[in-house]
$ cat entry_39.cif   # mmCIF, C-alpha atoms
data_model
#
loop_
_atom_site.group_PDB
_atom_site.id
_atom_site.type_symbol
_atom_site.label_atom_id
_atom_site.label_comp_id
_atom_site.auth_asym_id
_atom_site.auth_seq_id
_atom_site.Cartn_x
_atom_site.Cartn_y
_atom_site.Cartn_z
ATOM 1 C CA MET F 28 51.956 10.357 82.450
ATOM 2 C CA ASN F 29 52.243 9.849 78.672
ATOM 3 C CA ARG F 30 51.751 6.142 79.223
ATOM 4 C CA SER F 31 48.468 6.756 81.030
ATOM 5 C CA ILE F 32 47.176 9.010 78.252
ATOM 6 C CA VAL F 33 48.097 6.483 75.562
ATOM 7 C CA LEU F 34 46.497 3.670 77.579
ATOM 8 C CA LEU F 35 43.343 5.721 78.137
ATOM 9 C CA PHE F 36 43.163 6.617 74.412
ATOM 10 C CA PHE F 37 43.602 2.948 73.472
ATOM 11 C CA CYS F 38 40.811 1.867 75.886
ATOM 12 C CA VAL F 39 38.427 4.494 74.473
ATOM 13 C CA LEU F 40 39.253 3.366 70.941
ATOM 14 C CA VAL F 41 38.636 -0.308 71.763
ATOM 15 C CA LEU F 42 35.409 0.395 73.624
ATOM 16 C CA SER F 43 34.038 2.569 70.812
ATOM 17 C CA GLY F 44 34.418 -0.412 68.477
ATOM 18 C CA CYS F 45 32.268 -2.550 70.761
ATOM 19 C CA GLY F 46 29.061 -0.584 70.127
ATOM 20 C CA GLU F 47 25.909 -2.351 68.908
ATOM 21 C CA ARG F 48 25.772 -2.572 65.131
ATOM 22 C CA GLY F 49 23.225 -4.112 62.751
ATOM 23 C CA ASN F 50 24.317 -7.250 60.936
ATOM 24 C CA GLY F 51 21.725 -7.118 58.162
ATOM 25 C CA ASN F 52 19.601 -9.798 59.837
ATOM 26 C CA THR F 53 17.515 -7.740 62.216
ATOM 27 C CA LEU F 54 14.066 -6.309 61.689
ATOM 28 C CA SER F 55 15.277 -2.869 62.798
ATOM 29 C CA ASP F 56 17.778 -2.528 59.948
ATOM 30 C CA THR F 57 16.550 -0.211 57.244
ATOM 31 C CA ASN F 58 17.444 0.219 53.618
ATOM 32 C CA THR F 59 16.897 3.573 51.986
ATOM 33 C CA ASP F 60 16.491 2.203 48.438
ATOM 34 C CA SER F 61 12.744 2.556 47.906
ATOM 35 C CA SER F 62 12.844 1.203 44.336
ATOM 36 C CA ILE F 63 13.097 -2.428 45.454
ATOM 37 C CA ASP F 64 10.194 -4.634 46.520
ATOM 38 C CA TYR F 65 11.203 -6.127 49.891
ATOM 39 C CA THR F 66 8.853 -8.963 50.787
ATOM 40 C CA VAL F 67 9.724 -12.283 52.438
ATOM 41 C CA ILE F 68 7.235 -14.275 54.500
ATOM 42 C CA VAL F 69 8.641 -15.822 57.655
ATOM 43 C CA PRO F 70 8.127 -19.617 57.631
ATOM 44 C CA GLY F 71 5.399 -20.674 60.057
ATOM 45 C CA ASN F 72 3.875 -17.226 60.307
ATOM 46 C CA SER F 73 2.339 -15.867 57.110
ATOM 47 C CA ASP F 74 1.564 -12.542 58.826
ATOM 48 C CA THR F 75 5.221 -11.676 59.498
ATOM 49 C CA VAL F 76 7.034 -9.965 56.645
ATOM 50 C CA ILE F 77 10.747 -9.222 56.400
ATOM 51 C CA ASN F 78 12.077 -7.121 53.564
ATOM 52 C CA ASP F 79 15.265 -8.388 51.905
ATOM 53 C CA GLY F 80 15.093 -7.119 48.308
ATOM 54 C CA HIS F 81 14.870 -10.460 46.529
ATOM 55 C CA ASN F 82 12.042 -11.420 44.175
ATOM 56 C CA ALA F 83 11.617 -13.493 41.033
ATOM 57 C CA ALA F 84 12.108 -10.533 38.716
ATOM 58 C CA ASN F 85 15.564 -9.683 40.046
ATOM 59 C CA SER F 86 16.799 -13.000 41.464
ATOM 60 C CA LEU F 87 15.732 -15.803 39.108
ATOM 61 C CA ASP F 88 16.769 -16.729 35.583
ATOM 62 C CA TRP F 89 13.128 -16.526 34.473
ATOM 63 C CA SER F 90 13.501 -15.939 30.722
ATOM 64 C CA GLY F 91 13.092 -19.105 28.668
ATOM 65 C CA THR F 92 10.506 -21.671 27.589
ATOM 66 C CA TYR F 93 8.089 -23.422 29.961
ATOM 67 C CA ASN F 94 5.906 -26.398 29.083
ATOM 68 C CA GLY F 95 3.280 -28.611 30.677
ATOM 69 C CA VAL F 96 -0.199 -30.058 30.358
ATOM 70 C CA LEU F 97 -2.657 -27.855 32.206
ATOM 71 C CA SER F 98 -6.044 -28.890 33.511
ATOM 72 C CA CYS F 99 -9.022 -28.624 31.171
ATOM 73 C CA ALA F 100 -12.720 -28.851 32.056
ATOM 74 C CA ASP F 101 -13.885 -30.351 28.766
ATOM 75 C CA CYS F 102 -10.772 -32.104 27.391
ATOM 76 C CA PRO F 103 -7.976 -34.412 28.613
ATOM 77 C CA GLY F 104 -5.580 -31.478 29.028
ATOM 78 C CA ILE F 105 -4.129 -28.378 27.422
ATOM 79 C CA ASN F 106 -0.535 -28.795 26.267
ATOM 80 C CA THR F 107 0.821 -25.310 26.963
ATOM 81 C CA THR F 108 4.150 -23.754 26.023
ATOM 82 C CA ILE F 109 5.055 -20.244 27.160
ATOM 83 C CA SER F 110 8.259 -18.511 26.101
ATOM 84 C CA LEU F 111 9.280 -15.442 28.109
ATOM 85 C CA SER F 112 11.873 -12.997 26.776
ATOM 86 C CA GLY F 113 14.026 -10.554 28.703
ATOM 87 C CA ASN F 114 12.323 -7.631 26.957
ATOM 88 C CA ASN F 115 9.005 -8.579 28.657
ATOM 89 C CA THR F 116 7.422 -10.245 25.632
ATOM 90 C CA TYR F 117 5.867 -13.688 25.479
ATOM 91 C CA THR F 118 4.673 -16.330 23.070
ATOM 92 C CA ILE F 119 2.068 -18.832 24.219
ATOM 93 C CA VAL F 120 1.060 -21.915 22.258
ATOM 94 C CA THR F 121 -1.884 -23.981 23.519
ATOM 95 C CA LYS F 122 -2.940 -27.317 22.055
ATOM 96 C CA TYR F 123 -6.354 -28.682 23.031
ATOM 97 C CA GLU F 124 -7.148 -32.358 22.497
ATOM 98 C CA ARG F 125 -10.830 -32.741 21.636
ATOM 99 C CA LYS F 126 -12.490 -35.819 20.142
ATOM 100 C CA ASN F 127 -9.485 -37.034 18.143
ATOM 101 C CA LYS F 128 -8.831 -33.484 16.970
ATOM 102 C CA ILE F 129 -6.062 -31.180 18.142
ATOM 103 C CA GLU F 130 -6.758 -27.450 18.123
ATOM 104 C CA SER F 131 -3.664 -25.274 18.351
ATOM 105 C CA VAL F 132 -3.700 -21.561 19.192
ATOM 106 C CA SER F 133 -0.652 -19.293 19.248
ATOM 107 C CA GLN F 134 -0.452 -15.764 20.624
ATOM 108 C CA GLU F 135 2.296 -13.212 21.139
ATOM 109 C CA GLY F 136 2.264 -10.186 23.373
ATOM 110 C CA SER F 137 3.913 -8.440 26.257
ATOM 111 C CA PHE F 138 3.743 -8.994 29.993
ATOM 112 C CA ILE F 139 4.158 -6.917 33.114
ATOM 113 C CA TRP F 140 5.459 -7.772 36.576
ATOM 114 C CA VAL F 141 2.583 -7.377 39.019
ATOM 115 C CA ASP F 142 4.501 -7.690 42.289
ATOM 116 C CA GLY F 143 8.027 -8.913 41.538
ATOM 117 C CA SER F 144 6.993 -12.580 41.602
ATOM 118 C CA THR F 145 3.877 -12.633 39.427
ATOM 119 C CA ILE F 146 3.540 -11.754 35.762
ATOM 120 C CA LYS F 147 0.428 -10.817 33.828
ATOM 121 C CA LEU F 148 0.252 -11.704 30.146
ATOM 122 C CA LEU F 149 -1.361 -8.720 28.464
ATOM 123 C CA ASP F 150 -4.034 -9.062 25.754
ATOM 124 C CA ARG F 151 -5.496 -12.275 27.213
ATOM 125 C CA LYS F 152 -9.272 -11.839 27.434
ATOM 126 C CA ASN F 153 -11.311 -14.379 29.412
ATOM 127 C CA GLU F 154 -8.234 -16.593 29.631
ATOM 128 C CA PRO F 155 -5.748 -17.127 32.452
ATOM 129 C CA ALA F 156 -3.217 -14.328 32.324
ATOM 130 C CA PHE F 157 -1.472 -14.473 35.724
ATOM 131 C CA TYR F 158 1.519 -16.724 36.426
ATOM 132 C CA PHE F 159 3.584 -17.007 39.585
ATOM 133 C CA VAL F 160 7.287 -17.220 38.670
ATOM 134 C CA ALA F 161 9.198 -19.798 40.728
ATOM 135 C CA GLU F 162 12.582 -21.482 40.330
ATOM 136 C CA ASN F 163 12.361 -23.149 36.875
ATOM 137 C CA LYS F 164 8.537 -23.083 36.996
ATOM 138 C CA LEU F 165 5.554 -20.995 36.036
ATOM 139 C CA ILE F 166 2.458 -21.628 38.105
ATOM 140 C CA GLN F 167 -0.802 -20.604 36.483
ATOM 141 C CA LEU F 168 -3.042 -18.563 38.774
ATOM 142 C CA ASP F 169 -6.799 -18.120 38.598
ATOM 143 C CA LEU F 170 -8.466 -15.289 36.672
ATOM 144 C CA ALA F 171 -8.168 -12.985 39.700
ATOM 145 C CA GLY F 172 -4.435 -13.685 40.106
ATOM 146 C CA LYS F 173 -4.794 -15.943 43.163
ATOM 147 C CA LYS F 174 -3.036 -19.289 43.690
ATOM 148 C CA ILE F 175 -5.115 -22.349 42.891
ATOM 149 C CA LYS F 176 -5.389 -24.542 45.971
ATOM 150 C CA GLY F 177 -6.478 -28.082 46.690
ATOM 151 C CA SER F 178 -6.007 -31.338 44.834
ATOM 152 C CA MET F 179 -5.955 -29.614 41.424
ATOM 153 C CA ALA F 180 -3.083 -27.233 42.267
ATOM 154 C CA GLU F 181 -0.425 -29.567 40.823
ATOM 155 C CA LYS F 182 -2.193 -29.505 37.437
ATOM 156 C CA TYR F 183 -1.331 -25.841 36.845
ATOM 157 C CA ILE F 184 2.484 -25.997 36.745
ATOM 158 C CA LEU F 185 4.669 -25.401 33.698
ATOM 159 C CA THR F 186 8.314 -26.529 33.897
ATOM 160 C CA LYS F 187 11.237 -24.692 32.326
ATOM 161 C CA GLN F 188 12.765 -26.567 29.387
#

$ encode --input "entry_39.cif" --output "structure tokens"
Amino acid sequence: MNRSIVLLFFCVLVLSGCGERGNGNTLSDTNTDSSIDYTVIVPGNSDTVINDGHNAANSLDWSGTYNGVLSCADCPGINTTISLSGNNTYTIVTKYERKNKIESVSQEGSFIWVDGSTIKLLDRKNEPAFYFVAENKLIQLDLAGKKIKGSMAEKYILTKQ
């Protein structure tokens, strides 16, 4: 009789461990931490969003100096250097080449994270202020904070030094 009870208890114990559990990879899993931005777009379907907690602000080594030659409507290019600090301050130096003359402008200020992957340089009037933060890159966005598309898109990338 004792053997039957022990065997029955053991079977119940084993079967209770076989219940369905989330593995962290399902859409039905929830996380109660509401302070984290959870946005990941599923490849091939830009309308499907999965929340996983990772973004540029908390996952990338974004502080540092970025440099590149950005597109210019009335000059060969704008040599641009942006330094981002961990205390959310920036320095931007732009050098315009115009008719054998180089004009250099330097500005310091602070920035804010707009959505965890985009920063906005504050105190920039009528100048691009939004940058998408990628792995070792800053991608300049248009004045409304939207990605620049088309053949010119590659001319708006700064690379981390």

$ axis_aligned_box --input "entry_39.cif" --around "range 181-184 of chain F" --padding-each-side "4 Å" --output "AutoDock Vina command-line options"
--center_x 0.1 --center_y -27.7 --center_z 38.8 --size_x 12.7 --size_y 11.7 --size_z 12.1

$ resolve_selection --input "entry_39.cif" --expression "the PyMOL selection byres ((chain F and resi 98) around 12)" --output "list in words"
Gly95, Val96, Leu97, Cys99, Ala100, Asp101, Cys102, Pro103, Gly104, Ile105, Asn106, Thr107, Thr121, Lys122, Tyr123, Glu124, Pro155, Gln167, Leu168, Asp169, Ile175, Ser178, Met179, Ala180, Glu181, Lys182, Tyr183, Ile184 and Leu185 of chain F

$ atom_distance --input "entry_39.cif" --atom1 "CA of Ser137 in chain F" --atom2 "CA of Gly80 in chain F"
24.8 Å

$ resolve_selection --input "entry_39.cif" --expression "the PyMOL selection byres ((chain F and resi 111) around 8)" --output "number ranges by chain"
F: 89-92, 109-110, 112-113, 115-118

$ residues_around --input "entry_39.cif" --residues "Asn82 in chain F" --least-positions-apart "3" --cutoff "6 Å" --atoms "all atoms listed in the file" --output "VMD selection string"
chain F and resid 85 to 86 143 to 144

$ closest_residue --input "entry_39.cif" --among "F:Gly172, F:Ser133, F:Lys128, F:Leu165" --to "Lys147 in chain F" --atoms "all atoms listed in the file"
F:Gly172

$ atom_distance --input "entry_39.cif" --atom1 "CA of Glu130 in chain F" --atom2 "CA of Leu148 in chain F"
21.0 Å

$ atom_distance --input "entry_39.cif" --atom1 "CA of Val160 in chain F" --atom2 "CA of Gly136 in chain F"
17.6 Å

$ closest_residue --input "entry_39.cif" --among "F:Asn163, F:Asn114, F:Lys187, F:Ala84" --to "Ile146 in chain F" --atoms "only C-alpha atoms"
F:Ala84

$ closest_residue --input "entry_39.cif" --among "F:Phe138, F:Ala171, F:Gly177, F:Ile166" --to "Tyr93 in chain F" --atoms "all atoms listed in the file"
F:Ile166

$ decode --input "entry_39.cif" --residues "range 72-178 of chain F" --atoms "C-alpha atoms" --output "compact mmCIF listing (two decimals), in the first residue's frame"
# COMPACT_ATOMS: atom_id res chain seq x y z
CA ASN F 72 6.55 42.30 -41.60
CA SER F 73 6.96 45.90 -40.45
CA ASP F 74 3.49 45.84 -38.84
CA THR F 75 4.37 43.11 -36.32
CA VAL F 76 6.02 44.31 -33.13
CA ILE F 77 7.57 42.18 -30.40
CA ASN F 78 8.73 43.76 -27.18
CA ASP F 79 12.11 42.60 -25.87
CA GLY F 80 13.50 45.56 -23.91
CA HIS F 81 16.52 46.33 -26.08
CA ASN F 82 17.16 49.71 -27.70
CA ALA F 83 20.15 51.84 -28.59
CA ALA F 84 20.06 53.78 -25.34
CA ASN F 85 20.43 50.70 -23.14
CA SER F 86 22.16 48.20 -25.44
CA LEU F 87 24.79 50.05 -27.49
CA ASP F 88 28.07 51.72 -26.56
CA TRP F 89 26.82 54.97 -28.12
CA SER F 90 28.99 57.55 -26.33
CA GLY F 91 31.98 58.67 -28.38
CA THR F 92 32.92 60.65 -31.49
CA TYR F 93 31.29 60.19 -34.91
CA ASN F 94 32.55 61.67 -38.17
CA GLY F 95 31.59 61.81 -41.83
CA VAL F 96 30.93 64.06 -44.80
CA LEU F 97 27.23 64.79 -45.03
CA SER F 98 25.36 65.88 -48.12
CA CYS F 99 25.17 69.60 -48.88
CA ALA F 100 22.92 71.36 -51.40
CA ASP F 101 25.30 74.21 -52.22
CA CYS F 102 28.76 72.79 -51.41
CA PRO F 103 30.78 69.59 -51.99
CA GLY F 104 29.94 68.30 -48.51
CA ILE F 105 29.79 69.12 -44.82
CA ASN F 106 32.55 67.49 -42.78
CA THR F 107 30.69 66.78 -39.54
CA THR F 108 31.99 65.57 -36.19
CA ILE F 109 29.61 64.85 -33.32
CA SER F 110 30.82 63.84 -29.87
CA LEU F 111 28.22 62.33 -27.53
CA SER F 112 28.87 62.07 -23.79
CA GLY F 113 27.26 59.74 -21.27
CA ASN F 114 25.74 62.71 -19.45
CA ASN F 115 23.60 63.49 -22.55
CA THR F 116 25.71 66.39 -23.82
CA TYR F 117 27.11 66.84 -27.30
CA THR F 118 29.61 68.84 -29.28
CA ILE F 119 29.11 69.24 -33.02
CA VAL F 120 31.69 70.70 -35.38
CA THR F 121 30.69 71.33 -39.00
CA LYS F 122 33.09 72.42 -41.73
CA TYR F 123 31.61 73.70 -44.99
CA GLU F 124 33.77 73.88 -48.11
CA ARG F 125 32.70 76.86 -50.21
CA LYS F 126 34.67 78.42 -53.07
CA ASN F 127 38.14 77.63 -51.72
CA LYS F 128 37.05 78.76 -48.26
CA ILE F 129 36.31 76.54 -45.28
CA GLU F 130 33.72 77.76 -42.79
CA SER F 131 33.80 75.98 -39.44
CA VAL F 132 31.02 76.14 -36.85
CA SER F 133 31.13 74.54 -33.41
CA GLN F 134 28.24 74.12 -30.99
CA GLU F 135 27.75 72.44 -27.63
CA GLY F 136 24.51 71.45 -25.99
CA SER F 137 22.48 68.63 -24.58
CA PHE F 138 20.40 65.93 -26.22
CA ILE F 139 17.41 63.82 -25.32
CA TRP F 140 16.42 60.28 -26.29
CA VAL F 141 13.23 60.50 -28.33
CA ASP F 142 12.33 56.81 -28.48
CA GLY F 143 15.29 54.77 -27.22
CA SER F 144 16.95 54.68 -30.65
CA THR F 145 16.79 58.30 -31.79
CA ILE F 146 18.37 61.35 -30.20
CA LYS F 147 17.47 64.99 -30.64
CA LEU F 148 20.21 67.59 -30.32
CA LEU F 149 18.65 70.47 -28.42
CA ASP F 150 19.22 74.13 -29.36
CA ARG F 151 19.52 73.40 -33.10
CA LYS F 152 17.25 75.82 -34.95
CA ASN F 153 16.53 75.24 -38.65
CA GLU F 154 19.26 72.60 -38.69
CA PRO F 155 19.06 68.81 -38.56
CA ALA F 156 18.71 67.79 -34.94
CA PHE F 157 17.55 64.15 -35.10
CA TYR F 158 19.96 61.21 -35.37
CA PHE F 159 19.18 57.50 -35.37
CA VAL F 160 21.72 55.67 -33.19
CA ALA F 161 22.95 52.40 -34.72
CA GLU F 162 25.90 50.11 -34.01
CA ASN F 163 28.95 52.42 -34.38
CA LYS F 164 26.93 54.88 -36.51
CA LEU F 165 24.78 57.96 -36.28
CA ILE F 166 22.34 58.39 -39.13
CA GLN F 167 21.11 61.93 -39.68
CA LEU F 168 17.34 62.16 -40.05
CA ASP F 169 15.31 64.87 -41.76
CA LEU F 170 13.97 67.93 -39.93
CA ALA F 171 10.84 66.01 -38.90
CA GLY F 172 12.87 63.10 -37.46
CA LYS F 173 12.15 60.68 -40.33
CA LYS F 174 14.71 58.46 -42.08
CA ILE F 175 16.02 59.81 -45.37
CA LYS F 176 15.29 57.32 -48.14
CA GLY F 177 16.44 56.82 -51.70
CA SER F 178 19.80 57.19 -53.39
